[in-house]
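Everything on this sheet refers to the single structure shown next.
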Amino acid sequence: MDKPFNIDEYRRQRLGFDEVIYGASKSVSLLSELLKEYTKRNENVLVTKLQRKKAKALLKKNKTAFYDVESGIFMLTPVAILNKTKKVGIISAGSSDIGVANETYYTLAYMGVGSEIIHDVGVAGLQRLLDKLEDLRAFEVLIVIAGFEGALPTVVAGLLPQPIIAVPTSVGYGTAKKGETALQAMLTSCANGISVVNIDNGYGAAMSAFRILNQNKK
């Protein structure tokens, strides 16, 4: 029987980055087979949205692997991120958004891009953001993560000139509708030039930033 997967070996040649595994819908058995394949090749791999129970089983088999509980990010080998220049600012509206912020951070680290998370500076206490403005000007790209009414990316884009990637999160009561309200707000923002990714898609935001930075190198 053929393997139930077909690794895209030439993605780096085409796009500048390797294939990434979406873990949420895959079984432990399938993930184990995939990880064995990467281990044979002596290659690292990034797995996103991996549930804690699956991660626990995989960590038993892969002793040097890394797993972040908040984000569901898993890597066969931890990546060195301490000495990288911080090119991306990750702005988180509230502490409830930490999982998506971490997913963004670790994805960028895996891609070789240094970043910094600025936690809990949402519009409910706008002075917290204003206090960080000068620090935020140093980054080349800003990723802004918010739930509830999703207003933070509009505010940031009205104050700072960098490319803005907005990430709605599934945080909020009632009519927040698991992130749909924030998504619609970001898509209809009056601030110019905001890019918006899907709900809770920190990985997608990180990859958008990676592509922007790669273009800036040329």
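Ligands are numbered from 1 in the order shown, chains are lettered A, B, ... in the order of the structure tokens, and residues start at 1 in each chain.
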Chain A: which residues are strand (DSSP E) by DSSP, as a PyMOL selection string?
-> chain A and resi 21-22+46-48+66-68+73-75+86-92+114-118+141-146+164-168+195-196
What residues in range 82-198 of chain A get the DSSP label alpha helix (DSSP H)? Please answer as an MDAnalysis selection string.
-> chainID A and resid 98:110 126:130 133:136 152:159 180:187
Find the residue from A:Ile165, A:Leu50, A:Leu159, A:Ala146 that sits nearest to Glu180 in chain A; use only C-alpha atoms when measuring.
->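 Among the listed residues, A:Ala146 lies closest to Glu180 in chain A.
Between CA of Gly23 in chain A and CA of Pro4 in chain A lies a distance of 14.5 Å.
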Skipping near chain neighbours, those fewer than 3 positions away, what residues fall within 12 Å of Leu34 in chain A using only C-alpha atoms, listed as number ranges by chain?
-> A: 3-7, 19-23, 26-31, 37-41, 43-47, 58, 76
